[in-house]
file upload.cif (mmCIF, C-alpha atoms)
data_final
loop_
_atom_site.group_PDB
_atom_site.id
_atom_site.type_symbol
_atom_site.label_atom_id
_atom_site.label_comp_id
_atom_site.auth_asym_id
_atom_site.auth_seq_id
_atom_site.Cartn_x
_atom_site.Cartn_y
_atom_site.Cartn_z
ATOM 1 C CA MET A 1 1.221 -23.433 -17.339
ATOM 2 C CA SER A 2 -0.293 -20.658 -19.390
ATOM 3 C CA PRO A 3 1.252 -17.193 -18.826
ATOM 4 C CA LEU A 4 -2.240 -15.952 -17.964
ATOM 5 C CA PHE A 5 -2.265 -18.070 -14.801
ATOM 6 C CA ARG A 6 1.254 -17.387 -13.561
ATOM 7 C CA ARG A 7 1.819 -15.183 -10.564
ATOM 8 C CA LYS A 8 3.178 -11.753 -11.260
ATOM 9 C CA PRO A 9 6.811 -11.749 -10.081
ATOM 10 C CA SER A 10 7.390 -9.731 -6.900
ATOM 11 C CA ARG A 11 9.856 -7.416 -8.602
ATOM 12 C CA ASP A 12 7.044 -6.213 -10.862
ATOM 13 C CA ARG A 13 4.834 -5.249 -7.904
ATOM 14 C CA LEU A 14 4.810 -1.913 -6.110
ATOM 15 C CA VAL A 15 3.215 -0.972 -2.814
ATOM 16 C CA THR A 16 2.567 2.710 -2.134
ATOM 17 C CA LEU A 17 1.841 4.021 1.354
ATOM 18 C CA ILE A 18 0.090 7.378 1.304
ATOM 19 C CA ARG A 19 0.546 9.124 4.633
ATOM 20 C CA LYS A 20 1.091 12.384 6.441
ATOM 21 C CA PRO A 21 3.510 13.465 9.184
ATOM 22 C CA GLY A 22 2.418 12.942 12.782
ATOM 23 C CA CYS A 23 -0.156 10.265 11.956
ATOM 24 C CA HIS A 24 0.079 7.318 14.353
ATOM 25 C CA LEU A 25 -2.026 5.102 12.075
ATOM 26 C CA CYS A 26 0.408 5.913 9.279
ATOM 27 C CA ASP A 27 3.313 4.823 11.467
ATOM 28 C CA ASP A 28 1.508 1.556 12.261
ATOM 29 C CA ALA A 29 0.770 0.985 8.573
ATOM 30 C CA GLN A 30 4.398 1.587 7.650
ATOM 31 C CA VAL A 31 5.557 -1.124 10.054
ATOM 32 C CA VAL A 32 3.260 -3.654 8.346
ATOM 33 C CA VAL A 33 4.182 -2.537 4.821
ATOM 34 C CA GLU A 34 7.915 -2.690 5.598
ATOM 35 C CA LYS A 35 7.595 -6.183 7.092
ATOM 36 C CA VAL A 36 5.467 -7.718 4.336
ATOM 37 C CA CYS A 37 7.365 -6.083 1.486
ATOM 38 C CA GLY A 38 10.683 -6.982 3.086
ATOM 39 C CA ASP A 39 9.635 -10.623 3.499
ATOM 40 C CA LEU A 40 8.425 -10.871 -0.098
ATOM 41 C CA GLY A 41 11.058 -8.716 -1.784
ATOM 42 C CA VAL A 42 8.427 -6.289 -3.055
ATOM 43 C CA PRO A 43 9.487 -2.654 -3.490
ATOM 44 C CA TRP A 44 7.476 0.000 -1.712
ATOM 45 C CA GLU A 45 7.350 3.758 -1.566
ATOM 46 C CA GLN A 46 5.683 6.362 0.566
ATOM 47 C CA LYS A 47 4.006 9.563 -0.478
ATOM 48 C CA ASP A 48 3.105 12.493 1.770
ATOM 49 C CA ILE A 49 -0.345 14.002 1.162
ATOM 50 C CA THR A 50 0.889 17.340 2.476
ATOM 51 C CA GLU A 51 3.247 17.546 -0.510
ATOM 52 C CA ASP A 52 0.847 16.457 -3.245
ATOM 53 C CA ARG A 53 -2.423 18.332 -3.744
ATOM 54 C CA GLU A 54 -3.967 15.628 -5.924
ATOM 55 C CA LEU A 55 -3.297 12.895 -3.359
ATOM 56 C CA HIS A 56 -4.549 15.183 -0.592
ATOM 57 C CA ASP A 57 -7.817 15.856 -2.405
ATOM 58 C CA GLU A 58 -8.397 12.175 -3.120
ATOM 59 C CA TYR A 59 -7.302 10.526 0.134
ATOM 60 C CA TRP A 60 -7.234 13.044 3.004
ATOM 61 C CA GLU A 61 -10.132 11.387 4.859
ATOM 62 C CA GLN A 62 -8.741 7.875 4.468
ATOM 63 C CA ILE A 63 -5.059 8.029 5.363
ATOM 64 C CA PRO A 64 -3.104 5.953 5.667
ATOM 65 C CA VAL A 65 -3.935 4.452 2.297
ATOM 66 C CA VAL A 66 -2.116 1.500 0.766
ATOM 67 C CA LEU A 67 -2.031 1.043 -2.994
ATOM 68 C CA VAL A 68 -0.912 -2.180 -4.627
ATOM 69 C CA ASP A 69 0.232 -1.634 -8.197
ATOM 70 C CA GLY A 70 -1.511 1.751 -8.215
ATOM 71 C CA ARG A 71 -4.886 0.434 -7.065
ATOM 72 C CA GLN A 72 -6.311 1.081 -3.614
ATOM 73 C CA HIS A 73 -5.850 -1.958 -1.394
ATOM 74 C CA THR A 74 -6.884 -0.612 2.010
ATOM 75 C CA PHE A 75 -7.052 2.421 4.271
ATOM 76 C CA TRP A 76 -6.797 3.272 7.992
ATOM 77 C CA ARG A 77 -5.621 -0.137 9.216
ATOM 78 C CA VAL A 78 -3.362 -2.480 7.261
ATOM 79 C CA ASN A 79 -3.879 -6.187 7.790
ATOM 80 C CA GLU A 80 -0.604 -8.063 7.346
ATOM 81 C CA ASP A 81 -2.172 -11.311 6.122
ATOM 82 C CA ARG A 82 -4.444 -9.531 3.636
ATOM 83 C CA LEU A 83 -1.551 -7.492 2.196
ATOM 84 C CA ARG A 84 0.632 -10.578 1.946
ATOM 85 C CA LYS A 85 -2.155 -12.439 0.110
ATOM 86 C CA ALA A 86 -2.679 -9.540 -2.302
ATOM 87 C CA LEU A 87 1.024 -9.597 -3.169
ATOM 88 C CA THR A 88 1.257 -13.353 -3.658
ATOM 89 C CA ASP A 89 -1.993 -14.188 -5.437
#
call {"tool": "encode", "arguments": {"input": "upload.cif", "output": "structure tokens"}}
result
Amino acid sequence: MSPLFRRKPSRDRLVTLIRKPGCHLCDDAQVVVEKVCGDLGVPWEQKDITEDRELHDEYWEQIPVVLVDGRQHTFWRVNEDRLRKALTD
């Protein structure tokens, strides 16, 4: 199979959860991100918009925000099946 059509290995993926303290939607999103990333072996990180002015200015109305490989995947509610598909396609 051509390298252009191969799936990107999970270890090369990165999920970023942008959140803020005290946000119940952020807590819900983290549960989904932890589960999906744990199942697939994909690393993930979280960033706090209260500690990063640039992230705050860009995402404050949308949190929680999930980025996959630096690109916005979703905001507010994280769908487990959709995130899993994005990480395996």
call {"tool": "closest_residue", "arguments": {"input": "upload.cif", "among": "A:Asp57, A:Pro43, A:Asp52, A:Val65", "to": "Val78 of chain A", "atoms": "only C-alpha atoms"}}
result
A:Val65
call {"tool": "resolve_selection", "arguments": {"input": "upload.cif", "expression": "the PyMOL selection byres ((chain A and resi 47) around 6)", "output": "tab-separated table (two decimals) with C-alpha atoms, in the coordinates of the input"}}
result
chain	number	residue	atom	x	y	z
A	18	ILE	CA	0.09	7.38	1.30
A	46	GLN	CA	5.68	6.36	0.57
A	48	ASP	CA	3.10	12.49	1.77
call {"tool": "closest_residue", "arguments": {"input": "upload.cif", "among": "A:Cys26, A:Val31, A:Ile63, A:Val42", "to": "Ala86 of chain A", "atoms": "only C-alpha atoms"}}
result
A:Val42
call {"tool": "residues_around", "arguments": {"input": "upload.cif", "residues": "Asn79 of chain A", "least_positions_apart": "2", "cutoff": "12 Å", "atoms": "only C-alpha atoms", "output": "VMD selection string"}}
result
chain A and resid 28 to 33 35 to 36 65 to 66 73 to 77 81 to 86
call {"tool": "atom_distance", "arguments": {"input": "upload.cif", "atom1": "atom CA of Leu67 of chain A", "atom2": "atom CA of Thr88 of chain A"}}
result
14.8 Å
call {"tool": "closest_residue", "arguments": {"input": "upload.cif", "among": "A:His24, A:Arg19, A:Arg53, A:Arg13", "to": "Cys37 of chain A", "atoms": "all atoms listed in the file"}}
result
A:Arg13
call {"tool": "atom_distance", "arguments": {"input": "upload.cif", "atom1": "atom CA of Val68 of chain A", "atom2": "atom CA of Thr16 of chain A"}}
result
6.5 Å
call {"tool": "atom_distance", "arguments": {"input": "upload.cif", "atom1": "atom CA of Lys20 of chain A", "atom2": "atom CA of Glu61 of chain A"}}
result
11.4 Å
call {"tool": "closest_residue", "arguments": {"input": "upload.cif", "among": "A:Asp27, A:Asp69, A:Glu34, A:Asp39", "to": "Leu14 of chain A", "atoms": "all atoms listed in the file"}}
result
A:Asp69
call {"tool": "closest_residue", "arguments": {"input": "upload.cif", "among": "A:Cys23, A:Gln62, A:Val15, A:Glu54", "to": "Gly38 of chain A", "atoms": "all atoms listed in the file"}}
result
A:Val15
call {"tool": "axis_aligned_box", "arguments": {"input": "upload.cif", "around": "segment 26-34 of chain A", "padding_each_side": "8 Å", "output": "JSON"}}
result
{"center_x": 4.2, "center_y": 1.1, "center_z": 8.5, "size_x": 23.5, "size_y": 25.6, "size_z": 23.4}
call {"tool": "closest_residue", "arguments": {"input": "upload.cif", "among": "A:Leu17, A:Glu80, A:Leu25, A:Gly41", "to": "Leu55 of chain A", "atoms": "only C-alpha atoms"}}
result
A:Leu17
